[in-house]
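Report on the following structure.
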Amino acid sequence: MSASVAVTELMDYDEVVQRFDPVLGLEVHVELSTNTKMFCGCENAFGGEPNTKVCPVCLGLPGSLPVVNGKAVESAIRIGLALNCDIAEWCRFARKNYFYPDMPKNFQTSQYDEPIAVNGWLDVVLDDGEVVRVEIERAHMEEDTGKSLHVGGSTGRIHGAEHSLLDYNRAGVPLIEIVTKPIVGTGARAPEVARAYVTALRDLLRALGVSDVRMDQGSLRCDANVSLMAKGAAEFGTRTETKNVNSLRSVERAVRYEMTRQAAVLANGGRVVQETRHFDESTGSTSSGRTKETAEDYRYFPEPDLVPVAPSREWVEELRATLPELPWERLKRIQTEWQLTDPELRDLVNAGAVELVAETVAAGAGPAEARSWWVSYLTQQANTRGVDLADLPITPVQLARVIALVAEGSLTNKLAREVVDGVLAGEGEPDQVVEARGLKVVSDDSALLAAVDEALAAQPDIAEKIRSGKVAAAGAIVGAVMKATKGQADAKRVRELVLSRCTG
Amino acid sequence: MPNISRDEVAHLARLARLAVTDEELDLFAGQLDAILEAVAAVGDVATDDIPPTSHAVPLTNVFRADEVRPGLGQQQALAGAPFPEEGRFRVPRILGEEA
């Protein structure tokens with residue numbers, strides 16, 4: 001960190017979007033979940049004791065030779081196809097040379113002017129249902145770097161560190177970099193578009209089964225390029241690149257912050273410095289990293305140790321046939337099957353409940369009931385607890401059991417909530433909660449009749465009204481019975497009994 | 001045809017982290033020029049029917065099965081490292097060159 005503690009000036013967001021048009025460029029790195037690394041047979045797995053998943057190839061020892069992981073190429077092609085890209089008939093790897101010890105070879109094996117996939121697009125759905133088509137420039141294959149631990153700095157950051165410690169377990173892990181074309185014309189919604197794009201990409205990659213897409217573990221990482229141009233201007237402004245923004249929410253915050261910061265710089269007659277910036281989760285702000293005053297010179301050249309990759313059209317078509325139902329196709333099917341209106345589908349998606357409802361339905365529940373539980377009551381519970389819906393301590397199977405108990409008449413909706421509360425409180429399976437809390441509906445007519453008779457006797461005037469045909473008065477008796485049975489009776493059945501008692 | 005300038009040599013030297021004196025810049029510029037000229041002779045024989053290539057052998061699609069192979073243990077991996085620490089390679093502090 002620099003010694004200066006000057007407060008960064010920010011422009012009010014509304015003013016930003018009145019005066020400027022934002023331009024975005026998003027670079028997403030995704031680690032493939034192959035068994036092995038990109039160019040050697042070392043295990044590809046998160047974590048582990050440092051430098052235990054390494055070999056001469058990924059340590060860059062002299063004389064070692066890389067060999068491409070065929071499965072990683074398959075995954076790259078499948079990603080390209082799902083993103084509507086053209087798959088290159090011929091492409092090569094290249095060396096990206098630089099002096100930084102996160103790659104022990106002093107270069108990263110990547111692709112440069114011949115990426116495996118180019119010119120695609122991804123349709124991104126915003127929270128209100130608007131669809132924005134994001135154009136994909138390219139997707140290329142490369143390898144991940146090792147992890148540096150900076151020692152001696154006050155913050156653990158690179159600045160002020162006395163030395164660094166390197167773990168190369170991650171060095172060589174297959175990585176696909178997906179780069180968008182400039183995203184223009186999104187105006188005030190640019191931050192939301194950025195988040196929605198990364199979300200859509202994450203869902204797509206998950207559906208393809210090519211990565212575990214854990215942003216928290218770095219298997220999905222986003223670098224956000226942001227620039228502003230004055231309204232009506234034709235030329236893009238100078239951009240900054242905010243690195244490794246590691247949650248969906250942070251993508252949105254980082255873009256928004258950069259827009260307000262750059263706007264203030266420009267409005268004050270300054271110029272935006274082309275640089276790498278770091279996003280700080282705790283403050284939601286970005287800070288200056290490396291300045292890119294001069295263009296990088298990585299001296300890319302074709303990797304002499306690897307032969308070109310030339311996917312035959314037959315192979316590409318074989319891989320296309322392996323594409324699963326993609327997220328947007330699945331949503332379309334779900335909408336039809338569950339008979340959802342567009343807003344209902346959107347609520348379901350925005351609540352992050354699609355998977356959970358699908359699993360609940362798969363466990364035997366009706367779609368309407370399953371959706372209602374997840375989108376309303378359980379969403380409230382998740383909000384109260386400040387956790388994601390999927391992290392609530394109730395499984396779709398457990399919820400399906402509760403729904404089944406309601407359907408067979410063993411529970412009323414009110415009792416069902418108590419059962420769900422019990423499951424959430426860790427009291428066990430739904431049936432155990434019913435048992436332990438004594439929540440079963442009183443379905444024994446003789447017990448209910450006794451309560452009905454008692455209530456009628458206690459309120460003779462109302463009983464008389466019902467007998468004289470004022471059916472609406474029955475509500476008071478039903479209420480009394482429900483109270484007497486502590487809500488464990490089926491109100492509909494009680495009402496039937498009251499009416500039959502007074503008319504029979 | 002090649003004509004390497006002093007500036008280009010200085011740039012290359014910086015990229016390679018080599019300290020080069022002013023005299024050496026002149027010296028190397030001339031030498032690199034001679035080398036590049038010699039290599040450029042290849043251009044004289046290249047014709048339109050010979051596609052450019054980065055490999056001497058006409059091979060493509062050499063792939064490996066995605067099967068884990070034993071690597072080095074931590075001790076072996078660090079055996080050649082001058083200052084291993086906490087199971088890691090220790091390197092001097094790095095500033096301004098983050099990739």
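Residue numbering restarts at 1 in every chain; chains get A, B, ... in the order shown in the structure tokens, and ligands count up from 1 in that same order.
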
So that I can check the secondary structure, give me every residue of region 57-174 of chain A assigned alpha helix (DSSP H) by backbone DSSP, as number ranges by chain.
A: 70-82

Could you list, as a PDB file with N, CA and C atoms, in the first residue's frame, the residues of chain B having an atom within 10 Å of chain A when counting only C-alpha atoms?
```pdb
ATOM      1  N   HIS B  11      16.010  -3.125 -24.526  1.00  0.00           N
ATOM      2  CA  HIS B  11      14.696  -3.673 -24.178  1.00  0.00           C
ATOM      3  C   HIS B  11      14.803  -5.182 -23.911  1.00  0.00           C
ATOM      4  N   LEU B  12      15.470  -5.874 -24.809  1.00  0.00           N
ATOM      5  CA  LEU B  12      15.648  -7.314 -24.650  1.00  0.00           C
ATOM      6  C   LEU B  12      16.425  -7.619 -23.371  1.00  0.00           C
ATOM      7  N   LEU B  15      14.129  -7.265 -20.464  1.00  0.00           N
ATOM      8  CA  LEU B  15      13.203  -8.399 -20.371  1.00  0.00           C
ATOM      9  C   LEU B  15      13.904  -9.641 -19.839  1.00  0.00           C
ATOM     10  N   ALA B  16      15.180  -9.799 -20.157  1.00  0.00           N
ATOM     11  CA  ALA B  16      15.928 -10.973 -19.722  1.00  0.00           C
ATOM     12  C   ALA B  16      16.639 -10.715 -18.392  1.00  0.00           C
ATOM     13  N   ARG B  17      16.409  -9.558 -17.812  1.00  0.00           N
ATOM     14  CA  ARG B  17      17.038  -9.172 -16.546  1.00  0.00           C
ATOM     15  C   ARG B  17      18.560  -9.259 -16.623  1.00  0.00           C
ATOM     16  N   THR B  53       5.914 -23.257 -40.165  1.00  0.00           N
ATOM     17  CA  THR B  53       5.656 -24.258 -39.130  1.00  0.00           C
ATOM     18  C   THR B  53       6.515 -23.976 -37.905  1.00  0.00           C
ATOM     19  N   SER B  54       6.039 -24.461 -36.773  1.00  0.00           N
ATOM     20  CA  SER B  54       6.843 -24.307 -35.555  1.00  0.00           C
ATOM     21  C   SER B  54       7.458 -25.645 -35.163  1.00  0.00           C
ATOM     22  N   HIS B  55       7.184 -26.678 -35.970  1.00  0.00           N
ATOM     23  CA  HIS B  55       7.700 -28.003 -35.632  1.00  0.00           C
ATOM     24  C   HIS B  55       8.355 -28.667 -36.829  1.00  0.00           C
ATOM     25  N   ALA B  56       9.322 -29.482 -36.518  1.00  0.00           N
ATOM     26  CA  ALA B  56      10.038 -30.167 -37.580  1.00  0.00           C
ATOM     27  C   ALA B  56       9.295 -31.420 -38.020  1.00  0.00           C
ATOM     28  N   VAL B  57       8.424 -31.945 -37.131  1.00  0.00           N
ATOM     29  CA  VAL B  57       7.711 -33.173 -37.476  1.00  0.00           C
ATOM     30  C   VAL B  57       6.228 -32.893 -37.704  1.00  0.00           C
ATOM     31  N   PRO B  58       5.631 -33.511 -38.708  1.00  0.00           N
ATOM     32  CA  PRO B  58       4.223 -33.229 -39.019  1.00  0.00           C
ATOM     33  C   PRO B  58       3.277 -34.022 -38.119  1.00  0.00           C
ATOM     34  N   LEU B  59       3.290 -33.705 -36.853  1.00  0.00           N
ATOM     35  CA  LEU B  59       2.424 -34.408 -35.900  1.00  0.00           C
ATOM     36  C   LEU B  59       1.398 -33.443 -35.330  1.00  0.00           C
ATOM     37  N   THR B  60       0.188 -33.948 -35.067  1.00  0.00           N
ATOM     38  CA  THR B  60      -0.790 -33.158 -34.314  1.00  0.00           C
ATOM     39  C   THR B  60      -1.453 -34.077 -33.295  1.00  0.00           C
ATOM     40  N   ASN B  61      -2.184 -33.458 -32.359  1.00  0.00           N
ATOM     41  CA  ASN B  61      -3.022 -34.200 -31.411  1.00  0.00           C
ATOM     42  C   ASN B  61      -2.295 -35.303 -30.650  1.00  0.00           C
ATOM     43  N   VAL B  62      -1.197 -34.965 -30.060  1.00  0.00           N
ATOM     44  CA  VAL B  62      -0.527 -35.933 -29.195  1.00  0.00           C
ATOM     45  C   VAL B  62      -1.058 -35.714 -27.779  1.00  0.00           C
ATOM     46  N   PHE B  63      -1.894 -36.632 -27.332  1.00  0.00           N
ATOM     47  CA  PHE B  63      -2.561 -36.451 -26.040  1.00  0.00           C
ATOM     48  C   PHE B  63      -2.207 -37.563 -25.069  1.00  0.00           C
ATOM     49  N   ARG B  64      -2.420 -37.255 -23.820  1.00  0.00           N
ATOM     50  CA  ARG B  64      -2.158 -38.163 -22.717  1.00  0.00           C
ATOM     51  C   ARG B  64      -3.500 -38.504 -22.090  1.00  0.00           C
ATOM     52  N   ALA B  65      -3.653 -39.762 -21.608  1.00  0.00           N
ATOM     53  CA  ALA B  65      -4.877 -40.120 -20.880  1.00  0.00           C
ATOM     54  C   ALA B  65      -4.885 -39.382 -19.541  1.00  0.00           C
ATOM     55  N   ASP B  66      -6.061 -39.057 -19.064  1.00  0.00           N
ATOM     56  CA  ASP B  66      -6.189 -38.268 -17.822  1.00  0.00           C
ATOM     57  C   ASP B  66      -6.042 -39.184 -16.603  1.00  0.00           C
ATOM     58  N   GLU B  67      -4.878 -39.767 -16.463  1.00  0.00           N
ATOM     59  CA  GLU B  67      -4.643 -40.694 -15.350  1.00  0.00           C
ATOM     60  C   GLU B  67      -3.491 -40.201 -14.489  1.00  0.00           C
ATOM     61  N   VAL B  68      -3.724 -40.242 -13.178  1.00  0.00           N
ATOM     62  CA  VAL B  68      -2.723 -39.734 -12.237  1.00  0.00           C
ATOM     63  C   VAL B  68      -1.484 -40.633 -12.260  1.00  0.00           C
ATOM     64  N   ARG B  69      -0.333 -39.991 -12.358  1.00  0.00           N
ATOM     65  CA  ARG B  69       0.938 -40.709 -12.298  1.00  0.00           C
ATOM     66  C   ARG B  69       1.701 -40.198 -11.087  1.00  0.00           C
ATOM     67  N   PRO B  70       2.449 -41.064 -10.421  1.00  0.00           N
ATOM     68  CA  PRO B  70       3.178 -40.602  -9.241  1.00  0.00           C
ATOM     69  C   PRO B  70       4.172 -39.504  -9.597  1.00  0.00           C
ATOM     70  N   GLY B  71       4.246 -38.489  -8.760  1.00  0.00           N
ATOM     71  CA  GLY B  71       5.189 -37.399  -8.988  1.00  0.00           C
ATOM     72  C   GLY B  71       6.317 -37.469  -7.989  1.00  0.00           C
ATOM     73  N   LEU B  72       6.761 -36.317  -7.553  1.00  0.00           N
ATOM     74  CA  LEU B  72       7.820 -36.264  -6.550  1.00  0.00           C
ATOM     75  C   LEU B  72       7.179 -36.038  -5.184  1.00  0.00           C
ATOM     76  N   GLY B  73       7.806 -36.552  -4.152  1.00  0.00           N
ATOM     77  CA  GLY B  73       7.353 -36.199  -2.816  1.00  0.00           C
ATOM     78  C   GLY B  73       7.846 -34.795  -2.498  1.00  0.00           C
ATOM     79  N   GLN B  74       7.321 -34.234  -1.401  1.00  0.00           N
ATOM     80  CA  GLN B  74       7.705 -32.867  -1.053  1.00  0.00           C
ATOM     81  C   GLN B  74       9.221 -32.733  -0.863  1.00  0.00           C
ATOM     82  N   GLN B  75       9.792 -33.725  -0.167  1.00  0.00           N
ATOM     83  CA  GLN B  75      11.223 -33.658   0.126  1.00  0.00           C
ATOM     84  C   GLN B  75      12.050 -33.655  -1.157  1.00  0.00           C
ATOM     85  N   GLN B  76      11.640 -34.570  -2.064  1.00  0.00           N
ATOM     86  CA  GLN B  76      12.359 -34.681  -3.327  1.00  0.00           C
ATOM     87  C   GLN B  76      12.179 -33.396  -4.146  1.00  0.00           C
ATOM     88  N   ALA B  77      10.942 -32.869  -4.130  1.00  0.00           N
ATOM     89  CA  ALA B  77      10.658 -31.664  -4.907  1.00  0.00           C
ATOM     90  C   ALA B  77      11.535 -30.509  -4.452  1.00  0.00           C
ATOM     91  N   LEU B  78      11.762 -30.456  -3.130  1.00  0.00           N
ATOM     92  CA  LEU B  78      12.496 -29.319  -2.570  1.00  0.00           C
ATOM     93  C   LEU B  78      13.997 -29.586  -2.473  1.00  0.00           C
ATOM     94  N   PHE B  83      16.628 -22.587  -0.221  1.00  0.00           N
ATOM     95  CA  PHE B  83      16.059 -22.186   1.077  1.00  0.00           C
ATOM     96  C   PHE B  83      14.628 -22.688   1.272  1.00  0.00           C
ATOM     97  N   PRO B  84      14.424 -23.995   1.335  1.00  0.00           N
ATOM     98  CA  PRO B  84      13.038 -24.442   1.537  1.00  0.00           C
ATOM     99  C   PRO B  84      12.525 -23.978   2.900  1.00  0.00           C
ATOM    100  N   GLU B  85      11.266 -23.649   2.974  1.00  0.00           N
ATOM    101  CA  GLU B  85      10.684 -23.188   4.242  1.00  0.00           C
ATOM    102  C   GLU B  85       9.216 -23.605   4.258  1.00  0.00           C
ATOM    103  N   GLU B  86       8.804 -24.253   5.326  1.00  0.00           N
ATOM    104  CA  GLU B  86       7.407 -24.697   5.466  1.00  0.00           C
ATOM    105  C   GLU B  86       6.939 -25.492   4.253  1.00  0.00           C
ATOM    106  N   GLY B  87       7.822 -26.336   3.738  1.00  0.00           N
ATOM    107  CA  GLY B  87       7.434 -27.167   2.607  1.00  0.00           C
ATOM    108  C   GLY B  87       7.328 -26.411   1.307  1.00  0.00           C
ATOM    109  N   ARG B  88       7.829 -25.188   1.310  1.00  0.00           N
ATOM    110  CA  ARG B  88       7.706 -24.362   0.113  1.00  0.00           C
ATOM    111  C   ARG B  88       9.066 -23.878  -0.363  1.00  0.00           C
ATOM    112  N   PHE B  89       9.079 -23.403  -1.616  1.00  0.00           N
ATOM    113  CA  PHE B  89      10.285 -22.780  -2.157  1.00  0.00           C
ATOM    114  C   PHE B  89      10.336 -21.341  -1.676  1.00  0.00           C
ATOM    115  N   ARG B  90      11.484 -20.959  -1.108  1.00  0.00           N
ATOM    116  CA  ARG B  90      11.596 -19.577  -0.669  1.00  0.00           C
ATOM    117  C   ARG B  90      12.306 -18.756  -1.740  1.00  0.00           C
ATOM    118  N   VAL B  91      11.708 -17.632  -2.080  1.00  0.00           N
ATOM    119  CA  VAL B  91      12.309 -16.757  -3.091  1.00  0.00           C
ATOM    120  C   VAL B  91      12.386 -15.336  -2.534  1.00  0.00           C
ATOM    121  N   PRO B  92      13.294 -14.516  -3.097  1.00  0.00           N
ATOM    122  CA  PRO B  92      13.382 -13.127  -2.629  1.00  0.00           C
ATOM    123  C   PRO B  92      12.069 -12.399  -2.845  1.00  0.00           C
ATOM    124  N   ARG B  93      11.881 -11.334  -2.129  1.00  0.00           N
ATOM    125  CA  ARG B  93      10.603 -10.631  -2.246  1.00  0.00           C
ATOM    126  C   ARG B  93      10.410 -10.134  -3.677  1.00  0.00           C
ATOM    127  N   ILE B  94       9.150 -10.109  -4.067  1.00  0.00           N
ATOM    128  CA  ILE B  94       8.822  -9.779  -5.445  1.00  0.00           C
ATOM    129  C   ILE B  94       7.985  -8.518  -5.433  1.00  0.00           C
ATOM    130  N   LEU B  95       8.365  -7.578  -6.247  1.00  0.00           N
ATOM    131  CA  LEU B  95       7.550  -6.372  -6.336  1.00  0.00           C
ATOM    132  C   LEU B  95       7.407  -5.932  -7.776  1.00  0.00           C
ATOM    133  N   GLY B  96       6.227  -5.516  -8.121  1.00  0.00           N
ATOM    134  CA  GLY B  96       6.040  -4.845  -9.399  1.00  0.00           C
ATOM    135  C   GLY B  96       6.064  -5.746 -10.604  1.00  0.00           C
ATOM    136  N   GLU B  97       6.113  -7.035 -10.382  1.00  0.00           N
ATOM    137  CA  GLU B  97       6.177  -7.907 -11.550  1.00  0.00           C
ATOM    138  C   GLU B  97       5.158  -9.021 -11.473  1.00  0.00           C
ATOM    139  N   GLU B  98       4.127  -8.778 -10.736  1.00  0.00           N
ATOM    140  CA  GLU B  98       3.096  -9.798 -10.604  1.00  0.00           C
ATOM    141  C   GLU B  98       2.492 -10.107 -11.963  1.00  0.00           C
ATOM    142  N   ALA B  99       2.356 -11.367 -12.265  1.00  0.00           N
ATOM    143  CA  ALA B  99       1.823 -11.724 -13.590  1.00  0.00           C
ATOM    144  C   ALA B  99       0.318 -11.544 -13.647  1.00  0.00           C
TER     145      ALA B  99
END
```

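The two atoms in question, CA of Thr485 (chain A) and CA of Arg401 (chain A), are spaced 23.6 Å apart.
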
Compile the contact shell of Ala196 (chain A) as an NGL selection string: residues with an atom at most 12 Å away, counting only C-alpha atoms, same-chain residues fewer than 4 positions apart removed.
:A and (26 or 122-134 or 189-192 or 200-203 or 247-252 or 349-350)

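Look at Asp7 (chain B): the protein and nucleic acid residues within 12 Å of it, using only C-alpha atoms and passing over chain neighbours fewer than 5 places away, are Leu12, Ala13, Arg14, Val20, Asp22, Glu24, Leu25, Asp26, Phe28 and Ala29 of chain B.
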
Which neighbours of region 413-420 of chain A fall inside 7 Å, counting only C-alpha atoms, when residues of the same chain fewer than 2 positions from it are skipped, and could you give them as a PyMOL selection string?
chain A and resi 402+406+411+422-424+430+433-434+439

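Residues lying within 10 Å of region 466-471 of chain A, counting only C-alpha atoms and ignoring same-chain neighbours fewer than 2 positions away, are Leu456, Pro460, Asp461, Ile462, Ala463, Glu464, Ala473, Ala474, Gly475, Ile477, Arg495, Val498, Leu499, Ser500, Arg501, Cys502, Thr503 and Gly504 of chain A.
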
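Across the structure, CA of Val255 (chain A) and CA of Asp21 (chain A) are spaced 12.8 Å apart.
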
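Between CA of Asn225 (chain A) and CA of Thr180 (chain A) there is a distance of 10.1 Å.
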
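Among the residues of chain B, backbone DSSP assigns strand (DSSP E) to Phe63, Arg64, Phe89, Arg90, Val91 and Pro92 of chain B.
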
Using only C-alpha atoms, determine which residues lie at most 9 Å from Val17 (chain A), disregarding the query and same-chain residues fewer than 5 positions distant; provide the list as a PyMOL selection string.
chain A and resi 22+187-188+231+259

Store the residues of this selection in a file with C-alpha atoms, as a compact mmCIF listing (two decimals), in the first residue's frame.
```
# COMPACT_ATOMS: atom_id res chain seq x y z
CA PRO A 22 -19.48 2.12 -19.31
CA GLY A 187 -25.56 1.80 -19.09
CA ALA A 188 -26.64 1.80 -15.46
CA LYS A 231 -22.01 10.06 -23.55
CA MET A 259 -17.39 3.30 -12.58
```

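The residue that comes closest to Val210 (chain A), out of A:Ile334, A:Ala267, A:Val30, A:Ala234 and on the basis of only C-alpha atoms, is A:Val30.
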
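Closest approach to Pro396 (chain A) among A:Thr360, A:Thr341, A:Ser75, A:Thr412: A:Thr360, based on only C-alpha atoms.
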